[in-house]
Amino acid sequence: MGGNLLSTSSVFNLNSLQKVRVEKDAILAQLDRDFLNQKKILENLKPVNDSFWENVRVQKLQELIYEYEFKKTEIKAFSNPSVLMNYKISKECENFAKALNSNDAQMVEEWKKLREEMSKRNSNPQRIMDEFEERLNSTEKNDFATIDLITFGWGNCANDHIKRVEYDEKMYEKFNSLFIKIDSECDEP
């Protein structure tokens with residue numbers, strides 16, 4: 001059960017923003033069904049009788065709950081950014097929530113800062129800033145700002161604060177110790 005346990009629509013452009021706004025109730029209903037299904041699987045999972053694996057199951061269940069709350073909040077925020085103000089998992093992301101719930105000048109200021117940070121990590125930084133200037137002068141400026149501030153600002157920030165199960169060397173060793181013999185085939189260099 002590695003990776004994301006729940007999937008929702010990604011919002012990167014105006015069309016996907018409108019789709020999420022129009023289909024919000026259906027998306028949230030599907031998210032609820034997926035969450036309950038994954039939760040039931042994890043709750044009914046019978047790991048190897050070892051406290052390590054039971055702890056992994058419990059941690060994965062908590063991760064699922066956090067991921068569910070995150071995705072539900074994000075979907076709702078595309079229609080109503082004020083829901084971000086009540087998100088409790090990460091206070092470090094409040095600047096994005098405040099910007100989305102402020103006046104145009106404050107929103108644009110935070111949006112520009114976000115785009116400047118994005119440009120520093122991009123192979124074509126000028127394109128990121130040119131895109132920002134073009135969108136800033138668009139009649140859909142607020143929608144473009146909403147997309148960036150939620151998806152790339154608040155979304156990335158909050159997602160980084162979800163406590164996830166670590167798939168590390170210890171887990172790999174504990175898994176391998178469950179077997180008497182392990183055969184593996186490797187391609188010769």
# chains A, B, ... in the order shown; residues from 1 in each chain; ligands from 1

call {"tool": "select_by_dssp", "arguments": {"residues": "region 65-131 of chain A", "states": "helix (DSSP H, G or I)", "output": "ChimeraX atom specification"}}
result
/A:65-77,81-86,91-100,104-120,125-131

call {"tool": "write_last_selection", "arguments": {"atoms": "N, CA and C atoms", "output": "compact mmCIF listing (two decimals), in the first residue's frame"}}
result
# COMPACT_ATOMS: atom_id res chain seq x y z
N ILE A 65 -5.89 8.78 6.88
CA ILE A 65 -6.80 9.78 7.44
C ILE A 65 -6.30 11.19 7.11
N TYR A 66 -5.01 11.42 7.29
CA TYR A 66 -4.44 12.73 6.96
C TYR A 66 -4.58 13.05 5.47
N GLU A 67 -4.30 12.06 4.64
CA GLU A 67 -4.41 12.27 3.20
C GLU A 67 -5.85 12.56 2.79
N TYR A 68 -6.78 11.87 3.39
CA TYR A 68 -8.21 12.10 3.12
C TYR A 68 -8.61 13.52 3.50
N GLU A 69 -8.25 13.96 4.69
CA GLU A 69 -8.58 15.32 5.13
C GLU A 69 -7.93 16.36 4.21
N PHE A 70 -6.70 16.12 3.82
CA PHE A 70 -5.99 17.03 2.92
C PHE A 70 -6.71 17.14 1.59
N LYS A 71 -7.01 16.02 0.96
CA LYS A 71 -7.65 16.04 -0.37
C LYS A 71 -9.06 16.62 -0.31
N LYS A 72 -9.79 16.30 0.74
CA LYS A 72 -11.15 16.83 0.90
C LYS A 72 -11.09 18.36 1.04
N THR A 73 -10.17 18.84 1.84
CA THR A 73 -10.02 20.28 2.04
C THR A 73 -9.61 20.97 0.74
N GLU A 74 -8.67 20.37 0.03
CA GLU A 74 -8.20 20.95 -1.23
C GLU A 74 -9.33 21.07 -2.25
N ILE A 75 -10.11 20.02 -2.42
CA ILE A 75 -11.23 20.04 -3.39
C ILE A 75 -12.23 21.13 -3.00
N LYS A 76 -12.57 21.21 -1.73
CA LYS A 76 -13.52 22.24 -1.28
C LYS A 76 -12.95 23.64 -1.48
N ALA A 77 -11.64 23.79 -1.29
CA ALA A 77 -11.01 25.11 -1.36
C ALA A 77 -11.08 25.73 -2.75
N PRO A 81 -12.18 29.07 -0.75
CA PRO A 81 -10.86 29.08 -0.12
C PRO A 81 -10.86 29.28 1.40
N SER A 82 -11.96 29.73 1.97
CA SER A 82 -11.99 29.96 3.41
C SER A 82 -11.82 28.66 4.20
N VAL A 83 -12.10 27.50 3.59
CA VAL A 83 -11.93 26.23 4.30
C VAL A 83 -10.46 25.99 4.66
N LEU A 84 -9.55 26.63 3.94
CA LEU A 84 -8.13 26.46 4.24
C LEU A 84 -7.75 27.08 5.58
N MET A 85 -8.53 28.05 6.02
CA MET A 85 -8.24 28.72 7.28
C MET A 85 -8.43 27.79 8.48
N ASN A 86 -9.20 26.72 8.31
CA ASN A 86 -9.48 25.79 9.40
C ASN A 86 -8.69 24.50 9.32
N LYS A 91 0.16 24.49 10.12
CA LYS A 91 0.04 25.94 10.29
C LYS A 91 1.07 26.68 9.44
N GLU A 92 2.10 25.95 8.97
CA GLU A 92 3.16 26.58 8.18
C GLU A 92 2.67 27.05 6.81
N CYS A 93 1.47 26.67 6.42
CA CYS A 93 0.94 26.99 5.10
C CYS A 93 -0.09 28.11 5.14
N GLU A 94 -0.22 28.76 6.30
CA GLU A 94 -1.25 29.78 6.47
C GLU A 94 -1.11 30.96 5.52
N ASN A 95 0.12 31.27 5.10
CA ASN A 95 0.30 32.42 4.20
C ASN A 95 -0.51 32.25 2.93
N PHE A 96 -0.61 31.03 2.42
CA PHE A 96 -1.39 30.80 1.20
C PHE A 96 -2.88 30.93 1.48
N ALA A 97 -3.32 30.38 2.60
CA ALA A 97 -4.73 30.47 2.98
C ALA A 97 -5.14 31.92 3.19
N LYS A 98 -4.29 32.67 3.87
CA LYS A 98 -4.59 34.09 4.11
C LYS A 98 -4.64 34.88 2.80
N ALA A 99 -3.72 34.59 1.90
CA ALA A 99 -3.69 35.30 0.61
C ALA A 99 -4.96 35.03 -0.18
N LEU A 100 -5.42 33.79 -0.17
CA LEU A 100 -6.63 33.44 -0.92
C LEU A 100 -7.89 34.04 -0.30
N ASP A 104 -7.27 41.72 -3.29
CA ASP A 104 -6.50 41.41 -4.51
C ASP A 104 -5.02 41.71 -4.36
N ALA A 105 -4.68 42.82 -3.74
CA ALA A 105 -3.26 43.21 -3.64
C ALA A 105 -2.47 42.18 -2.84
N GLN A 106 -3.01 41.73 -1.72
CA GLN A 106 -2.32 40.73 -0.90
C GLN A 106 -2.23 39.39 -1.62
N MET A 107 -3.31 39.03 -2.31
CA MET A 107 -3.31 37.77 -3.05
C MET A 107 -2.24 37.80 -4.15
N VAL A 108 -2.19 38.88 -4.89
CA VAL A 108 -1.21 38.99 -5.98
C VAL A 108 0.21 38.99 -5.43
N GLU A 109 0.42 39.64 -4.30
CA GLU A 109 1.76 39.67 -3.69
C GLU A 109 2.23 38.26 -3.33
N GLU A 110 1.37 37.47 -2.70
CA GLU A 110 1.73 36.08 -2.33
C GLU A 110 1.87 35.21 -3.58
N TRP A 111 1.02 35.44 -4.56
CA TRP A 111 1.07 34.69 -5.82
C TRP A 111 2.40 34.95 -6.53
N LYS A 112 2.81 36.21 -6.55
CA LYS A 112 4.08 36.56 -7.19
C LYS A 112 5.26 35.91 -6.45
N LYS A 113 5.23 35.94 -5.12
CA LYS A 113 6.30 35.30 -4.34
C LYS A 113 6.37 33.80 -4.65
N LEU A 114 5.21 33.17 -4.74
CA LEU A 114 5.15 31.75 -5.06
C LEU A 114 5.76 31.50 -6.44
N ARG A 115 5.37 32.29 -7.42
CA ARG A 115 5.89 32.13 -8.77
C ARG A 115 7.41 32.36 -8.82
N GLU A 116 7.90 33.31 -8.05
CA GLU A 116 9.34 33.55 -8.01
C GLU A 116 10.07 32.34 -7.43
N GLU A 117 9.51 31.74 -6.38
CA GLU A 117 10.09 30.53 -5.81
C GLU A 117 10.03 29.37 -6.80
N MET A 118 8.90 29.24 -7.50
CA MET A 118 8.76 28.19 -8.50
C MET A 118 9.79 28.36 -9.62
N SER A 119 10.04 29.60 -10.01
CA SER A 119 10.97 29.85 -11.11
C SER A 119 12.40 29.46 -10.73
N LYS A 120 12.74 29.58 -9.45
CA LYS A 120 14.09 29.22 -8.99
C LYS A 120 14.36 27.73 -9.13
N PRO A 125 13.23 29.37 -15.86
CA PRO A 125 12.63 30.31 -14.90
C PRO A 125 11.90 31.48 -15.56
N GLN A 126 12.39 31.91 -16.68
CA GLN A 126 11.75 33.04 -17.36
C GLN A 126 10.33 32.69 -17.82
N ARG A 127 10.14 31.46 -18.26
CA ARG A 127 8.80 31.02 -18.69
C ARG A 127 7.82 31.11 -17.54
N ILE A 128 8.24 30.71 -16.34
CA ILE A 128 7.37 30.74 -15.16
C ILE A 128 6.94 32.17 -14.86
N MET A 129 7.87 33.11 -14.96
CA MET A 129 7.54 34.50 -14.66
C MET A 129 6.76 35.15 -15.82
N ASP A 130 7.07 34.79 -17.05
CA ASP A 130 6.30 35.30 -18.19
C ASP A 130 4.85 34.83 -18.11
N GLU A 131 4.68 33.57 -17.73
CA GLU A 131 3.35 33.00 -17.56
C GLU A 131 2.60 33.76 -16.45

call {"tool": "residues_around", "arguments": {"residues": "region 169-176 of chain A", "least_positions_apart": "4", "cutoff": "12 Å", "atoms": "only C-alpha atoms", "output": "compact mmCIF listing (two decimals) with C-alpha atoms, in the first residue's frame"}}
result
# COMPACT_ATOMS: atom_id res chain seq x y z
CA PRO A 47 -0.15 -8.37 9.42
CA VAL A 48 2.49 -10.82 10.57
CA ASP A 50 4.96 -8.75 15.12
CA SER A 51 4.65 -5.36 16.78
CA PHE A 52 6.72 -3.74 14.02
CA TRP A 53 4.21 -4.68 11.31
CA ASN A 55 2.77 -0.39 14.04
CA VAL A 56 3.24 0.03 10.27
CA VAL A 165 5.14 5.65 6.69
CA ILE A 180 13.77 -18.66 5.18
CA LYS A 181 15.38 -18.15 1.78
CA ILE A 182 15.27 -15.32 -0.76
CA ASP A 183 16.18 -15.81 -4.41
CA SER A 184 16.54 -12.88 -6.72

call {"tool": "atom_distance", "arguments": {"atom1": "CA of Asp34 (chain A)", "atom2": "CA of Ser9 (chain A)"}}
result
13.4 Å

call {"tool": "atom_distance", "arguments": {"atom1": "CA of Asn80 (chain A)", "atom2": "CA of Leu36 (chain A)"}}
result
24.5 Å

call {"tool": "residues_around", "arguments": {"residues": "Thr151 (chain A)", "least_positions_apart": "5", "cutoff": "8 Å", "atoms": "only C-alpha atoms", "output": "JSON, numbers by chain"}}
result
{"A": [11, 12, 156]}

call {"tool": "closest_atom_pairs", "arguments": {"of": "region 120-186 of chain A", "to": "region 18-23 of chain A", "cutoff": "12 Å", "atoms": "only C-alpha atoms", "output": "tab-separated table"}}
result
residue	atom	partner	partner_atom	distance
A:Glu140	CA	A:Gln18	CA	11.7
A:Asp143	CA	A:Gln18	CA	9.3
A:Phe144	CA	A:Gln18	CA	11.4
A:Thr146	CA	A:Gln18	CA	11.6
A:Ile147	CA	A:Gln18	CA	10.6

call {"tool": "write_last_selection", "arguments": {"atoms": "N, CA, C and O atoms", "output": "short mmCIF file (atom, residue, chain, number, x, y, z; two decimals), in the first residue's frame"}}
result
data_model
loop_
_atom_site.label_atom_id
_atom_site.label_comp_id
_atom_site.auth_asym_id
_atom_site.auth_seq_id
_atom_site.Cartn_x
_atom_site.Cartn_y
_atom_site.Cartn_z
N GLU A 140 -9.18 36.32 -16.10
CA GLU A 140 -9.33 35.20 -15.17
C GLU A 140 -8.22 35.20 -14.11
O GLU A 140 -7.89 34.15 -13.54
N ASP A 143 -8.82 33.32 -10.88
CA ASP A 143 -8.83 31.87 -11.03
C ASP A 143 -7.42 31.32 -11.19
O ASP A 143 -7.07 30.29 -10.62
N PHE A 144 -6.59 32.01 -11.97
CA PHE A 144 -5.19 31.58 -12.11
C PHE A 144 -4.47 31.63 -10.77
O PHE A 144 -3.70 30.73 -10.43
N THR A 146 -5.85 31.40 -7.83
CA THR A 146 -6.42 30.32 -7.02
C THR A 146 -5.76 28.99 -7.34
O THR A 146 -5.37 28.24 -6.43
N ILE A 147 -5.61 28.70 -8.61
CA ILE A 147 -4.96 27.44 -9.03
C ILE A 147 -3.56 27.36 -8.45
O ILE A 147 -3.19 26.37 -7.80
#

call {"tool": "closest_residue", "arguments": {"among": "A:Asn15, A:Asn124, A:Asn44, A:Ser7", "to": "Leu31 (chain A)", "atoms": "only C-alpha atoms"}}
result
A:Ser7

call {"tool": "atom_distance", "arguments": {"atom1": "CA of Ala145 (chain A)", "atom2": "CA of Arg121 (chain A)"}}
result
19.0 Å

call {"tool": "closest_residue", "arguments": {"among": "A:Phe179, A:Ser138, A:Ser102, A:Leu61", "to": "Asn37 (chain A)", "atoms": "only C-alpha atoms"}}
result
A:Leu61

call {"tool": "decode", "arguments": {"residues": "region 136-170 of chain A", "atoms": "N, CA, C and O atoms", "output": "mmCIF file, in the first residue's frame"}}
result
data_model
loop_
_atom_site.group_PDB
_atom_site.id
_atom_site.type_symbol
_atom_site.label_atom_id
_atom_site.label_comp_id
_atom_site.auth_asym_id
_atom_site.auth_seq_id
_atom_site.Cartn_x
_atom_site.Cartn_y
_atom_site.Cartn_z
ATOM 1 N N LEU A 136 -1.525 37.419 -14.806
ATOM 2 C CA LEU A 136 -1.831 38.568 -13.955
ATOM 3 C C LEU A 136 -2.673 39.590 -14.705
ATOM 4 O O LEU A 136 -3.542 40.243 -14.132
ATOM 5 N N ASN A 137 -2.451 39.712 -15.998
ATOM 6 C CA ASN A 137 -3.177 40.675 -16.826
ATOM 7 C C ASN A 137 -4.397 40.071 -17.503
ATOM 8 O O ASN A 137 -5.018 40.710 -18.347
ATOM 9 N N SER A 138 -4.752 38.863 -17.128
ATOM 10 C CA SER A 138 -5.896 38.170 -17.707
ATOM 11 C C SER A 138 -7.175 38.525 -16.950
ATOM 12 O O SER A 138 -7.140 38.881 -15.775
ATOM 13 N N THR A 139 -8.303 38.384 -17.627
ATOM 14 C CA THR A 139 -9.593 38.591 -16.960
ATOM 15 C C THR A 139 -9.873 37.466 -15.956
ATOM 16 O O THR A 139 -10.687 37.634 -15.061
ATOM 17 N N GLU A 140 -9.175 36.320 -16.097
ATOM 18 C CA GLU A 140 -9.328 35.198 -15.166
ATOM 19 C C GLU A 140 -8.220 35.195 -14.108
ATOM 20 O O GLU A 140 -7.888 34.150 -13.542
ATOM 21 N N LYS A 141 -7.657 36.371 -13.848
ATOM 22 C CA LYS A 141 -6.543 36.508 -12.902
ATOM 23 C C LYS A 141 -6.812 35.790 -11.581
ATOM 24 O O LYS A 141 -5.966 35.047 -11.083
ATOM 25 N N ASN A 142 -7.979 35.991 -11.008
ATOM 26 C CA ASN A 142 -8.280 35.395 -9.705
ATOM 27 C C ASN A 142 -8.312 33.866 -9.771
ATOM 28 O O ASN A 142 -7.873 33.197 -8.832
ATOM 29 N N ASP A 143 -8.820 33.324 -10.876
ATOM 30 C CA ASP A 143 -8.828 31.871 -11.033
ATOM 31 C C ASP A 143 -7.415 31.324 -11.191
ATOM 32 O O ASP A 143 -7.074 30.290 -10.617
ATOM 33 N N PHE A 144 -6.590 32.008 -11.965
ATOM 34 C CA PHE A 144 -5.195 31.578 -12.115
ATOM 35 C C PHE A 144 -4.466 31.633 -10.770
ATOM 36 O O PHE A 144 -3.703 30.731 -10.433
ATOM 37 N N ALA A 145 -4.706 32.693 -10.015
ATOM 38 C CA ALA A 145 -4.090 32.818 -8.695
ATOM 39 C C ALA A 145 -4.575 31.697 -7.779
ATOM 40 O O ALA A 145 -3.778 31.102 -7.040
ATOM 41 N N THR A 146 -5.852 31.399 -7.833
ATOM 42 C CA THR A 146 -6.423 30.322 -7.020
ATOM 43 C C THR A 146 -5.756 28.988 -7.338
ATOM 44 O O THR A 146 -5.375 28.241 -6.431
ATOM 45 N N ILE A 147 -5.605 28.697 -8.615
ATOM 46 C CA ILE A 147 -4.962 27.443 -9.027
ATOM 47 C C ILE A 147 -3.557 27.359 -8.450
ATOM 48 O O ILE A 147 -3.195 26.371 -7.804
ATOM 49 N N ASP A 148 -2.753 28.389 -8.679
ATOM 50 C CA ASP A 148 -1.368 28.355 -8.220
ATOM 51 C C ASP A 148 -1.261 28.324 -6.697
ATOM 52 O O ASP A 148 -0.497 27.537 -6.141
ATOM 53 N N LEU A 149 -2.024 29.185 -6.030
ATOM 54 C CA LEU A 149 -1.903 29.284 -4.576
ATOM 55 C C LEU A 149 -2.401 28.034 -3.860
ATOM 56 O O LEU A 149 -1.853 27.655 -2.823
ATOM 57 N N ILE A 150 -3.404 27.371 -4.427
ATOM 58 C CA ILE A 150 -3.879 26.133 -3.801
ATOM 59 C C ILE A 150 -3.019 24.945 -4.226
ATOM 60 O O ILE A 150 -2.514 24.211 -3.380
ATOM 61 N N THR A 151 -2.828 24.747 -5.523
ATOM 62 C CA THR A 151 -2.117 23.568 -6.007
ATOM 63 C C THR A 151 -0.631 23.598 -5.665
ATOM 64 O O THR A 151 -0.100 22.648 -5.084
ATOM 65 N N PHE A 152 0.042 24.676 -6.035
ATOM 66 C CA PHE A 152 1.491 24.722 -5.890
ATOM 67 C C PHE A 152 1.948 25.374 -4.584
ATOM 68 O O PHE A 152 3.063 25.130 -4.139
ATOM 69 N N GLY A 153 1.078 26.170 -3.980
ATOM 70 C CA GLY A 153 1.409 26.816 -2.718
ATOM 71 C C GLY A 153 0.931 25.985 -1.549
ATOM 72 O O GLY A 153 1.658 25.167 -0.992
ATOM 73 N N TRP A 154 -0.339 26.181 -1.179
ATOM 74 C CA TRP A 154 -0.903 25.492 -0.039
ATOM 75 C C TRP A 154 -0.831 23.967 -0.195
ATOM 76 O O TRP A 154 -0.436 23.257 0.733
ATOM 77 N N GLY A 155 -1.191 23.454 -1.364
ATOM 78 C CA GLY A 155 -1.231 22.010 -1.582
ATOM 79 C C GLY A 155 0.115 21.340 -1.370
ATOM 80 O O GLY A 155 0.225 20.343 -0.654
ATOM 81 N N ASN A 156 1.153 21.879 -2.003
ATOM 82 C CA ASN A 156 2.487 21.295 -1.836
ATOM 83 C C ASN A 156 2.968 21.429 -0.396
ATOM 84 O O ASN A 156 3.563 20.508 0.163
ATOM 85 N N CYS A 157 2.713 22.573 0.211
ATOM 86 C CA CYS A 157 3.138 22.811 1.592
ATOM 87 C C CYS A 157 2.435 21.841 2.549
ATOM 88 O O CYS A 157 3.078 21.167 3.349
ATOM 89 N N ALA A 158 1.120 21.757 2.467
ATOM 90 C CA ALA A 158 0.361 20.887 3.367
ATOM 91 C C ALA A 158 0.696 19.417 3.128
ATOM 92 O O ALA A 158 0.837 18.637 4.083
ATOM 93 N N ASN A 159 0.856 19.036 1.879
ATOM 94 C CA ASN A 159 1.201 17.660 1.542
ATOM 95 C C ASN A 159 2.547 17.268 2.152
ATOM 96 O O ASN A 159 2.729 16.141 2.602
ATOM 97 N N ASP A 160 3.478 18.199 2.173
ATOM 98 C CA ASP A 160 4.797 17.936 2.767
ATOM 99 C C ASP A 160 4.719 17.679 4.272
ATOM 100 O O ASP A 160 5.640 17.104 4.842
ATOM 101 N N HIS A 161 3.641 18.113 4.911
ATOM 102 C CA HIS A 161 3.512 17.962 6.363
ATOM 103 C C HIS A 161 2.680 16.754 6.779
ATOM 104 O O HIS A 161 2.466 16.537 7.973
ATOM 105 N N ILE A 162 2.223 15.984 5.809
ATOM 106 C CA ILE A 162 1.500 14.758 6.147
ATOM 107 C C ILE A 162 2.530 13.722 6.575
ATOM 108 O O ILE A 162 3.484 13.436 5.854
ATOM 109 N N LYS A 163 2.343 13.197 7.773
ATOM 110 C CA LYS A 163 3.273 12.187 8.276
ATOM 111 C C LYS A 163 2.998 10.872 7.546
ATOM 112 O O LYS A 163 1.887 10.357 7.589
ATOM 113 N N ARG A 164 4.025 10.368 6.878
ATOM 114 C CA ARG A 164 3.890 9.158 6.074
ATOM 115 C C ARG A 164 4.758 8.029 6.622
ATOM 116 O O ARG A 164 5.759 8.265 7.282
ATOM 117 N N VAL A 165 4.356 6.819 6.315
ATOM 118 C CA VAL A 165 5.140 5.645 6.687
ATOM 119 C C VAL A 165 6.457 5.706 5.912
ATOM 120 O O VAL A 165 6.469 5.967 4.715
ATOM 121 N N GLU A 166 7.550 5.463 6.616
ATOM 122 C CA GLU A 166 8.861 5.480 5.965
ATOM 123 C C GLU A 166 9.219 4.082 5.496
ATOM 124 O O GLU A 166 9.269 3.148 6.290
ATOM 125 N N TYR A 167 9.451 3.968 4.203
ATOM 126 C CA TYR A 167 9.911 2.706 3.629
ATOM 127 C C TYR A 167 11.425 2.782 3.582
ATOM 128 O O TYR A 167 12.015 3.237 2.620
ATOM 129 N N ASP A 168 12.051 2.326 4.653
ATOM 130 C CA ASP A 168 13.490 2.479 4.786
ATOM 131 C C ASP A 168 14.185 1.124 4.847
ATOM 132 O O ASP A 168 13.554 0.071 4.713
ATOM 133 N N GLU A 169 15.473 1.157 5.086
ATOM 134 C CA GLU A 169 16.277 -0.057 5.146
ATOM 135 C C GLU A 169 15.792 -0.992 6.256
ATOM 136 O O GLU A 169 15.771 -2.208 6.086
ATOM 137 N N LYS A 170 15.377 -0.429 7.384
ATOM 138 C CA LYS A 170 14.890 -1.257 8.491
ATOM 139 C C LYS A 170 13.663 -2.065 8.057
ATOM 140 O O LYS A 170 13.562 -3.260 8.357
#
